Amino acid sequence: MKEKVLGRTGLKVKTLGFGGIPIQRLSEEDAIEVVRHCYKLGLNYYDTARGYTTSEVRIGKALEDVREKVYLATKSNKRTAEGIKEELETSLKNLRTDYIDVYQLHNVSNQTQWDQVRAPGGALEAVNEAKEQGKIRHLSVTSHSPDMAIELVQSGIFETMMIPYNYLTVQPEEKLLPLCNKLNVGTVIMKPFGGGAFSNANTALKYVLSNPHSDIIIPGMLSIAEIEENYKVWMGDHSLREEEHKLIQQDKELLGDQFCRSCNYCQPCPQEIPISTILRTETQVLRRMGWSDNRVRMVKNAKEKLDTCIHCGECETRCPYNLPIQELLPKAMESLWDRMENRTIP
């Protein structure tokens, strides 16, 4: 099995882990089966978050009887000590454990958020106290900003760093990942598939696995078939073939850097506009699945919602990728509507 020590945590982790976002969409029985299948294959790092609705509960049920054989990571985006204390207790209960192996301050992506967690009564106070109490084993952070992440790593506070990294989000490989390696901060890679936007998941996974500075990759996995496919790629040769380089170039030309990763941090929209649906349907969904009566109804409903936009800009303040959402939405809808009327596929 491919294994690394995760920075200065000392945890020996398989370099393929489990991302807990997608199992929210499954029945509880199926979600537990998916998590358990990962365990049977030997994967030992399971990532979730307080904000992932049912994910913690399902991972807790799936792994309760093998707790000492796995590493559990969860996170909170609360900025105050009070908020962290409340969410940590909920996470411990949900995960059916009395300690979290890796506890992450979630999405610290700008200076304001960093100042908030360090302020008196901020999140750092609570996590340090919880670590002294044994409720947290290792303190970590996640960020969507490679520049902000560099400052977080240089603080010396955090033992791991979670960052988006893939073949269209390459900035981390220039400075951040090598710096983490130098300072012995474990690197946990999220969004290896660009939120499902890429042409070929296997190529995307190989790209990230081939970087020696990425310690563990945590793709979200929704089915046993996906687990088996990722496992096969992980256990194989990670060098990219000529045709795979061509696929990467095609995605770069098609998606550029202003594509929706479907993280949905832009939500909730006060007008209930399905932002990621509008931004992703034409370039991503239609290419794979084509048109259906349900998809037509979905697009018509999305347009009705978009027409009610009050241009409050809340979505843009939340987007970790700084997308100009208000500018992109009408353009995406206009093109999508034209395709719907003519039933064309990109």
# chains A, B, ... in the order shown; residues from 1 in each chain; ligands from 1
call {"tool": "select_by_dssp", "arguments": {"residues": "stretch 30-73 of chain A", "states": "strand (DSSP E or B)", "output": "short mmCIF file (atom, residue, chain, number, x, y, z; two decimals) with C-alpha atoms, in the first residue's frame"}}
result
data_model
loop_
_atom_site.label_atom_id
_atom_site.label_comp_id
_atom_site.auth_asym_id
_atom_site.auth_seq_id
_atom_site.Cartn_x
_atom_site.Cartn_y
_atom_site.Cartn_z
CA TYR A 45 -8.04 8.66 6.36
CA TYR A 46 -11.64 9.93 6.34
CA ASP A 47 -12.43 13.62 5.95
CA TYR A 71 -7.92 8.55 11.22
CA LEU A 72 -10.91 10.89 11.37
CA ALA A 73 -10.65 14.48 10.17
#
call {"tool": "residues_around", "arguments": {"residues": "A:Thr277", "least_positions_apart": "3", "cutoff": "9 Å", "atoms": "only C-alpha atoms", "output": "PyMOL selection string"}}
result
chain A and resi 262+273-274+280-281+285+298-299+302
call {"tool": "write_last_selection", "arguments": {"atoms": "N, CA and C atoms", "output": "PDB file, in the first residue's frame"}}
result
ATOM      1  N   SER A 262     -18.420  23.777  -8.049  1.00  0.00           N
ATOM      2  CA  SER A 262     -19.568  23.188  -7.364  1.00  0.00           C
ATOM      3  C   SER A 262     -19.325  22.983  -5.865  1.00  0.00           C
ATOM      4  N   ILE A 273     -31.565  31.150  -6.261  1.00  0.00           N
ATOM      5  CA  ILE A 273     -31.035  30.918  -7.598  1.00  0.00           C
ATOM      6  C   ILE A 273     -30.044  29.745  -7.533  1.00  0.00           C
ATOM      7  N   PRO A 274     -30.219  28.700  -8.348  1.00  0.00           N
ATOM      8  CA  PRO A 274     -29.308  27.540  -8.330  1.00  0.00           C
ATOM      9  C   PRO A 274     -28.013  27.872  -9.088  1.00  0.00           C
ATOM     10  N   ARG A 280     -22.751  25.258 -14.436  1.00  0.00           N
ATOM     11  CA  ARG A 280     -22.122  23.984 -14.780  1.00  0.00           C
ATOM     12  C   ARG A 280     -22.875  23.155 -15.821  1.00  0.00           C
ATOM     13  N   THR A 281     -24.154  23.419 -16.022  1.00  0.00           N
ATOM     14  CA  THR A 281     -24.955  22.520 -16.850  1.00  0.00           C
ATOM     15  C   THR A 281     -24.440  22.427 -18.283  1.00  0.00           C
ATOM     16  N   VAL A 285     -22.457  19.169 -17.411  1.00  0.00           N
ATOM     17  CA  VAL A 285     -23.517  18.165 -17.338  1.00  0.00           C
ATOM     18  C   VAL A 285     -23.933  17.696 -18.730  1.00  0.00           C
ATOM     19  N   MET A 298     -35.530  21.678 -15.335  1.00  0.00           N
ATOM     20  CA  MET A 298     -34.557  22.259 -14.425  1.00  0.00           C
ATOM     21  C   MET A 298     -34.045  23.602 -14.949  1.00  0.00           C
ATOM     22  N   VAL A 299     -33.746  23.652 -16.255  1.00  0.00           N
ATOM     23  CA  VAL A 299     -33.240  24.891 -16.856  1.00  0.00           C
ATOM     24  C   VAL A 299     -34.313  25.981 -16.826  1.00  0.00           C
ATOM     25  N   ALA A 302     -34.572  27.273 -13.371  1.00  0.00           N
ATOM     26  CA  ALA A 302     -33.394  28.072 -13.032  1.00  0.00           C
ATOM     27  C   ALA A 302     -33.490  29.473 -13.632  1.00  0.00           C
TER      28      ALA A 302
END
call {"tool": "atom_distance", "arguments": {"atom1": "atom CA of A:Asn184", "atom2": "atom CA of A:Phe158"}}
result
10.1 Å
call {"tool": "residues_around", "arguments": {"residues": "A:Ala123", "least_positions_apart": "5", "cutoff": "10 Å", "atoms": "only C-alpha atoms", "output": "PDB file with N, CA and C atoms, in the first residue's frame"}}
result
ATOM      1  N   SER A  76     -14.524  22.907  11.036  1.00  0.00           N
ATOM      2  CA  SER A  76     -15.566  23.888  11.354  1.00  0.00           C
ATOM      3  C   SER A  76     -15.167  25.231  10.771  1.00  0.00           C
ATOM      4  N   ASN A  77     -16.153  25.951  10.253  1.00  0.00           N
ATOM      5  CA  ASN A  77     -15.873  27.296   9.742  1.00  0.00           C
ATOM      6  C   ASN A  77     -16.249  28.382  10.744  1.00  0.00           C
ATOM      7  N   LYS A  78     -16.478  27.996  12.004  1.00  0.00           N
ATOM      8  CA  LYS A  78     -16.757  28.987  13.039  1.00  0.00           C
ATOM      9  C   LYS A  78     -15.482  29.759  13.362  1.00  0.00           C
ATOM     10  N   ARG A  79     -15.622  31.030  13.642  1.00  0.00           N
ATOM     11  CA  ARG A  79     -14.462  31.897  13.897  1.00  0.00           C
ATOM     12  C   ARG A  79     -14.291  32.238  15.373  1.00  0.00           C
ATOM     13  N   THR A  80     -15.272  31.885  16.196  1.00  0.00           N
ATOM     14  CA  THR A  80     -15.195  32.206  17.621  1.00  0.00           C
ATOM     15  C   THR A  80     -14.955  30.949  18.440  1.00  0.00           C
ATOM     16  N   ALA A  81     -14.411  31.148  19.640  1.00  0.00           N
ATOM     17  CA  ALA A  81     -14.181  30.013  20.542  1.00  0.00           C
ATOM     18  C   ALA A  81     -15.497  29.334  20.904  1.00  0.00           C
ATOM     19  N   GLU A  82     -16.513  30.130  21.158  1.00  0.00           N
ATOM     20  CA  GLU A  82     -17.815  29.569  21.512  1.00  0.00           C
ATOM     21  C   GLU A  82     -18.363  28.706  20.385  1.00  0.00           C
ATOM     22  N   GLY A  83     -18.261  29.208  19.156  1.00  0.00           N
ATOM     23  CA  GLY A  83     -18.756  28.447  18.015  1.00  0.00           C
ATOM     24  C   GLY A  83     -18.007  27.139  17.823  1.00  0.00           C
ATOM     25  N   ILE A  84     -16.697  27.169  17.965  1.00  0.00           N
ATOM     26  CA  ILE A  84     -15.885  25.952  17.813  1.00  0.00           C
ATOM     27  C   ILE A  84     -16.240  24.930  18.887  1.00  0.00           C
ATOM     28  N   LYS A  85     -16.357  25.362  20.116  1.00  0.00           N
ATOM     29  CA  LYS A  85     -16.669  24.427  21.208  1.00  0.00           C
ATOM     30  C   LYS A  85     -17.979  23.699  20.943  1.00  0.00           C
ATOM     31  N   LEU A 105      -9.570  24.183  11.000  1.00  0.00           N
ATOM     32  CA  LEU A 105     -10.288  25.445  10.859  1.00  0.00           C
ATOM     33  C   LEU A 105     -10.553  25.608   9.372  1.00  0.00           C
ATOM     34  N   TRP A 114      -8.521  35.211   9.005  1.00  0.00           N
ATOM     35  CA  TRP A 114      -7.338  34.854   9.792  1.00  0.00           C
ATOM     36  C   TRP A 114      -7.261  35.712  11.063  1.00  0.00           C
ATOM     37  N   GLN A 116      -9.812  37.015  12.571  1.00  0.00           N
ATOM     38  CA  GLN A 116     -10.919  36.593  13.439  1.00  0.00           C
ATOM     39  C   GLN A 116     -10.556  35.376  14.277  1.00  0.00           C
ATOM     40  N   VAL A 117      -9.949  34.374  13.675  1.00  0.00           N
ATOM     41  CA  VAL A 117      -9.662  33.150  14.429  1.00  0.00           C
ATOM     42  C   VAL A 117      -8.546  33.367  15.440  1.00  0.00           C
ATOM     43  N   ARG A 118      -7.670  34.363  15.214  1.00  0.00           N
ATOM     44  CA  ARG A 118      -6.562  34.629  16.140  1.00  0.00           C
ATOM     45  C   ARG A 118      -6.919  35.631  17.230  1.00  0.00           C
ATOM     46  N   ASN A 128      -7.022  25.105  20.790  1.00  0.00           N
ATOM     47  CA  ASN A 128      -5.858  24.844  21.644  1.00  0.00           C
ATOM     48  C   ASN A 128      -6.280  24.235  22.974  1.00  0.00           C
TER      49      ASN A 128
END
call {"tool": "residues_around", "arguments": {"residues": "stretch 53-59 of chain A", "least_positions_apart": "3", "cutoff": "10 Å", "atoms": "only C-alpha atoms", "output": "count of residues only"}}
result
36
call {"tool": "residues_around", "arguments": {"residues": "A:Leu176", "least_positions_apart": "6", "cutoff": "12 Å", "atoms": "only C-alpha atoms", "output": "count of residues only"}}
result
28
call {"tool": "residues_around", "arguments": {"residues": "A:Glu229", "least_positions_apart": "5", "cutoff": "9 Å", "atoms": "only C-alpha atoms", "output": "mmCIF file with C-alpha atoms, in the first residue's frame"}}
result
data_model
loop_
_atom_site.group_PDB
_atom_site.id
_atom_site.type_symbol
_atom_site.label_atom_id
_atom_site.label_comp_id
_atom_site.auth_asym_id
_atom_site.auth_seq_id
_atom_site.Cartn_x
_atom_site.Cartn_y
_atom_site.Cartn_z
ATOM 1 C CA ASN A 202 -8.403 9.136 -13.897
ATOM 2 C CA ILE A 224 -18.343 1.462 -4.872
ATOM 3 C CA TRP A 234 -3.914 5.014 -7.136
#
call {"tool": "atom_distance", "arguments": {"atom1": "atom CA of A:Pro330", "atom2": "atom CA of A:Glu314"}}
result
16.4 Å
call {"tool": "select_by_dssp", "arguments": {"residues": "stretch 59-286 of chain A", "states": "helix (DSSP H, G or I)", "output": "ChimeraX atom specification"}}
result
/A:59-69,81-94,111-118,123-132,146-154,171-173,176-183,201-209,224-235,242-255,275-286
call {"tool": "write_last_selection", "arguments": {"atoms": "C-alpha atoms", "output": "short mmCIF file (atom, residue, chain, number, x, y, z; two decimals), in the first residue's frame"}}
result
data_model
loop_
_atom_site.label_atom_id
_atom_site.label_comp_id
_atom_site.auth_asym_id
_atom_site.auth_seq_id
_atom_site.Cartn_x
_atom_site.Cartn_y
_atom_site.Cartn_z
CA ILE A 59 -18.92 8.02 8.75
CA GLY A 60 -19.26 7.58 12.52
CA LYS A 61 -21.67 4.68 12.12
CA ALA A 62 -19.57 3.04 9.42
CA LEU A 63 -16.30 3.14 11.35
CA GLU A 64 -17.29 2.97 15.03
CA ASP A 65 -16.08 -0.60 15.49
CA VAL A 66 -12.70 0.07 13.83
CA ARG A 67 -12.10 3.52 15.31
CA GLU A 68 -8.54 2.82 16.45
CA LYS A 69 -7.55 1.64 12.96
CA ALA A 81 -14.18 30.01 20.54
CA GLU A 82 -17.81 29.57 21.51
CA GLY A 83 -18.76 28.45 18.02
CA ILE A 84 -15.88 25.95 17.81
CA LYS A 85 -16.67 24.43 21.21
CA GLU A 86 -20.29 23.83 20.23
CA GLU A 87 -19.44 22.34 16.83
CA LEU A 88 -16.62 20.16 18.18
CA GLU A 89 -18.95 18.53 20.70
CA THR A 90 -21.47 17.85 17.93
CA SER A 91 -18.75 16.34 15.73
CA LEU A 92 -17.51 14.08 18.52
CA LYS A 93 -21.05 12.83 19.08
CA ASN A 94 -21.73 12.34 15.38
CA GLN A 111 -6.84 38.23 6.14
CA THR A 112 -10.12 39.11 7.84
CA GLN A 113 -10.88 35.45 8.56
CA TRP A 114 -7.34 34.85 9.79
CA ASP A 115 -7.58 37.85 12.12
CA GLN A 116 -10.92 36.59 13.44
CA VAL A 117 -9.66 33.15 14.43
CA ARG A 118 -6.56 34.63 16.14
CA ALA A 123 -11.39 29.91 17.24
CA LEU A 124 -7.72 29.28 18.04
CA GLU A 125 -8.41 29.61 21.76
CA ALA A 126 -10.98 26.83 21.63
CA VAL A 127 -8.97 24.40 19.50
CA ASN A 128 -5.86 24.84 21.64
CA GLU A 129 -7.91 24.16 24.76
CA ALA A 130 -9.51 21.12 23.12
CA LYS A 131 -6.07 19.83 22.16
CA GLU A 132 -4.91 20.11 25.78
CA PRO A 146 -2.69 29.66 -2.03
CA ASP A 147 -1.33 33.07 -0.99
CA MET A 148 -3.22 33.07 2.31
CA ALA A 149 -2.24 29.44 2.84
CA ILE A 150 1.43 30.37 2.69
CA GLU A 151 0.95 32.76 5.61
CA LEU A 152 -0.98 30.12 7.54
CA VAL A 153 1.77 27.56 7.03
CA GLN A 154 4.48 30.03 8.01
CA GLN A 171 -0.70 27.74 -8.24
CA PRO A 172 -0.10 25.60 -5.11
CA GLU A 173 2.63 23.59 -6.84
CA LEU A 176 2.82 26.39 -1.30
CA LEU A 177 3.33 22.64 -1.65
CA PRO A 178 7.16 22.84 -1.62
CA LEU A 179 6.96 25.14 1.43
CA CYS A 180 4.75 22.67 3.27
CA ASN A 181 7.24 19.93 2.48
CA LYS A 182 10.13 22.09 3.77
CA LEU A 183 8.32 22.98 7.00
CA ALA A 201 -11.22 11.66 -13.54
CA ASN A 202 -8.40 9.14 -13.90
CA THR A 203 -6.14 11.66 -15.58
CA ALA A 204 -6.97 14.28 -12.96
CA LEU A 205 -6.18 11.89 -10.11
CA LYS A 206 -2.89 10.81 -11.67
CA TYR A 207 -1.85 14.43 -12.11
CA VAL A 208 -2.16 15.14 -8.39
CA LEU A 209 -0.73 11.79 -7.28
CA ILE A 224 -18.34 1.46 -4.87
CA ALA A 225 -17.66 1.71 -8.61
CA GLU A 226 -16.02 5.13 -8.10
CA ILE A 227 -13.99 3.81 -5.19
CA GLU A 228 -12.74 0.87 -7.23
CA GLU A 229 -11.82 3.12 -10.15
CA ASN A 230 -9.89 5.56 -7.97
CA TYR A 231 -8.24 2.71 -6.11
CA LYS A 232 -7.05 1.17 -9.38
CA VAL A 233 -5.56 4.49 -10.52
CA TRP A 234 -3.91 5.01 -7.14
CA MET A 235 -2.28 1.59 -7.15
CA GLU A 242 0.48 11.72 -24.42
CA GLU A 243 -3.29 11.43 -24.87
CA GLU A 244 -3.80 12.45 -21.24
CA HIS A 245 -1.74 15.59 -21.74
CA LYS A 246 -4.05 16.36 -24.66
CA LEU A 247 -7.11 15.92 -22.42
CA ILE A 248 -5.65 18.35 -19.92
CA GLN A 249 -5.01 20.89 -22.66
CA GLN A 250 -8.58 20.52 -23.92
CA ASP A 251 -9.95 21.20 -20.46
CA LYS A 252 -7.71 24.23 -20.09
CA GLU A 253 -9.07 25.64 -23.35
CA LEU A 254 -12.70 24.81 -22.52
CA LEU A 255 -12.85 25.79 -18.86
CA ILE A 275 -25.97 29.16 -9.10
CA SER A 276 -23.80 26.11 -9.63
CA THR A 277 -26.51 24.45 -11.73
CA ILE A 278 -26.59 27.38 -14.14
CA LEU A 279 -22.81 27.69 -14.33
CA ARG A 280 -22.12 23.98 -14.78
CA THR A 281 -24.95 22.52 -16.85
CA GLU A 282 -23.77 23.52 -20.33
CA THR A 283 -20.05 22.87 -20.07
CA GLN A 284 -20.16 19.90 -17.73
CA VAL A 285 -23.52 18.17 -17.34
CA LEU A 286 -24.67 18.25 -20.97
#
call {"tool": "atom_distance", "arguments": {"atom1": "atom CA of A:Pro320", "atom2": "atom CA of A:Phe259"}}
result
12.0 Å
call {"tool": "closest_residue", "arguments": {"among": "A:Ile157, A:Val5, A:Ile136, A:Ala119", "to": "A:Thr97", "atoms": "only C-alpha atoms"}}
result
A:Ile136
call {"tool": "closest_residue", "arguments": {"among": "A:Thr15, A:Arg343, A:Lys135, A:Thr142", "to": "A:Gln104", "atoms": "only C-alpha atoms"}}
result
A:Thr142
